[in-house]
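What follows is a short report on a single structure.
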Amino acid sequence: MPNGVPMSWHRGSYHHAPLWVAEGRGARFTDVDGFTYSDFNIADMSMFCGYAPEPVVRAVSDRMTRGNQFLLPTEDSIVVAEELTRRYALPMWQFTLSASQANTEAIRVARVVTGRDKVLLFDGKYHGHFDEALVELAPDGSLRAEERGLPIGGEAHTVVVPFNDPDALADALAGGGIALVLTEPALTNNFGLIMPEDGFHAELRRLTRSTRTLLALDETHTQVVGPGGLTAAWGLEPDLLTAGKSIAAGVPFGAWGMTETIGHVLLQMKGPDGERGDMVATGGTLFGNALSMAAARTTMLEVLTRPIRAPRGWARSSRTAWPRPFGLPDSPGTSTISVPRAGYTFRPEPVTNADEARACADDLLTRLVRVWLANRSVWEAIVGAGPVVPVPATDDDVDAYLVAWDELLQHLAR
C-alpha cells in the first residue's frame with residue numbers, strides 16, 4: 001500500500017493517523033515516538049493475556065527451535081482439545097487460524113448436518129469478515145451487504161433479527177430453512193455491552209431445538225470472563241462453539257467445538273489421497289500448526305487458568321447510570337460490566353438491542369473519548385465496544401483509565 005501502510009482496513013477504524021508501535025509488555029505498549037499507553041482495548045481483546053506473556057514466549061520460542069509447522073498433528077493438539085472439552089463441555093474440536101475461519105467452518109458443517117442453507121444472526125453482531133456475516137438490516141428492514149466486494153445476492157443465505165426478541169426469532173425459525181443460529185452469549189460489538197434479558201437464552205435454546213436448528217455460540221470476546229466463558233458461567237448448551245484471539249495469547253489460532261453427533265459427520269468423511277467428493281469444505285494448510293498449538297496449550301494451562309475478578313476501582317464504572325454525565329442534561333449515560341469487559345452508552349438505561357445502541361450513538365463524542373484518553377496515556381482503540389481490563393493490568397493502569405474519564409466528564413460539565 002502507498003506510504004507503507006500495510007492494512008488498508010485500518011482507515012475505517014480511526015479518524016486520525018494510526019499510532020506506530022515499537023513494543024509492548026504486560027498491559028502497556030510504547031509507540032515509535034517513545035510514548036507509553038495503558039491499553040484497554042488490548043488489540044481488540046486478542047492480547048487479553050498481555051503483551052509478551054512470559055510462559056507463552058517461552059513455549060513459542062521452544063517450539064520454533066523444534067519446528068513450527070509439519071502439516072501433521074503434535075501432542076499439543078490432544079492437550080488443547082481436552083482442555084477445551086473440560087471448559088466448554090463439547091467433546092470434539094477442530095482448529096483454524098482465527099475465529100472468523102472457525103465460524104465459517106461451523107456454518108458449513110451445520111449445512112451438511114441439517115440439509116439447510118441459511119444462517120441466522122442477530123442485529124449488531126460481528127463474527128468475522130466472511131460473506132454470510134457481513135450482512136446488515138437496512139432502514140426499510142431488508143438485508144444488504146455491509147461492505148463492498150461481497151457477491152451480489154449473497155445476503156440470501158443470511159437472516160438477521162433483533163437480539164432479545166424471541167418473537168422475531170420464532171418467526172424466522174418457523175420456515176425451517178435455517179441451518180444455524182450463530183450468536184455471542186452477549187453482544188460485544190455495539191455501543192454498550194448488550195446483555196441478554198432474563199430468559200432469552202432459555203428461549204433461544206428451546207426454539208432452536210424445537211425447529212431442529214443448530215445453535216453456535218461465539219465466545220471469541222466473551223471467553224475472557226474465565227475458563228468456559230459465558231457458556232460455563234451461564235450454563236448454556238450450544239451444539240457448536242467457536243473461539244479465537246486471546247485463546248492462544250494472540251498467536252493466530254481459532255477453534256470450534258461440537259457435539260458427537262456433529263463430529264461424526266466429519267469422522268465419516270472419505271476421500272483419501274486427494275479424493276474430495278465426500279469432504280466437508282473445511283481445513284487449511286496452517287490450521288492446527290505446531291506453533292499455534294503450543295501457544296494455545298500454554299495460554300490455557302498457565303495463563304488463562306481462573307475466573308477474572310474486577311481490579312480495585314473498576315467497580316466505580318459499574319453503577320447503573322451516571323447522573324447527567326458529560327454535563328449534558330439530555331444525554332445521561334449507562335455502563336454495563338461483564339468482568340473484565342465493560343461497555344457504556346449515552347442514555348439513561350442499558351441498551352437491549354442494536355437499534356437502541358445506534359439511536360444513542362454520538363460519533364463526535366466517541367472520537368473525543370479516544371483522543372482524550374490517548375493524550376493521557378490510555379489507549380481504547382475501539383471506543384464503542386467498551387474497555388477490557390487485561391490479565392496483567394495493574395491498579396495504576398486502572399486508575400489512569402478512571403482518572404482520565406473523570407477529567408473528561410468534569411471538562412464537559414463546565
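Every chain in the C-alpha cells takes a letter, A first, then B, and so on in the order presented; its residues are numbered from 1, and the ligands are numbered from 1 following the presented order.
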
Excluding same-chain residues fewer than 6 positions from Lys118 of chain A, what lies within 6 Å of it counting only C-alpha atoms, as a PDB file with N, CA, C and O atoms, in the first residue's frame?
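Final file, out_13.pdb:
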```
ATOM      1  N   HIS A 157     -28.488 -15.951   1.858  1.00  0.00           N
ATOM      2  CA  HIS A 157     -28.191 -17.079   2.737  1.00  0.00           C
ATOM      3  C   HIS A 157     -28.142 -16.686   4.216  1.00  0.00           C
ATOM      4  O   HIS A 157     -27.787 -17.513   5.063  1.00  0.00           O
ATOM      5  N   THR A 158     -28.479 -15.434   4.540  1.00  0.00           N
ATOM      6  CA  THR A 158     -28.410 -14.946   5.917  1.00  0.00           C
ATOM      7  C   THR A 158     -29.743 -14.344   6.325  1.00  0.00           C
ATOM      8  O   THR A 158     -30.414 -13.692   5.520  1.00  0.00           O
ATOM      9  N   ILE A 178     -33.429 -22.607   8.153  1.00  0.00           N
ATOM     10  CA  ILE A 178     -32.215 -22.113   8.804  1.00  0.00           C
ATOM     11  C   ILE A 178     -31.425 -23.276   9.392  1.00  0.00           C
ATOM     12  O   ILE A 178     -31.940 -24.067  10.193  1.00  0.00           O
ATOM     13  N   ALA A 179     -30.179 -23.370   9.001  1.00  0.00           N
ATOM     14  CA  ALA A 179     -29.301 -24.434   9.491  1.00  0.00           C
ATOM     15  C   ALA A 179     -28.736 -24.121  10.860  1.00  0.00           C
ATOM     16  O   ALA A 179     -28.593 -25.010  11.705  1.00  0.00           O
TER      17      ALA A 179
END
```

Next on the checklist: So that I can check the secondary structure, give me every residue of segment 55-278 of chain A assigned alpha helix (DSSP H) by backbone DSSP, as a PyMOL selection string.
Outcome noted: chain A and resi 55-65+75-88+99-114+166-174+200-210+229-233+260-267

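Closest approach to Val60 of chain A among A:Ala156, A:Ala248, A:Val112, A:Ala43: A:Ala248, based on only C-alpha atoms.
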
Item to check | Residues of segment 153-333 of chain A in strand (DSSP E), written as a PyMOL selection string | outcome: chain A and resi 158-161+178-183+214-218+240-244+254-258
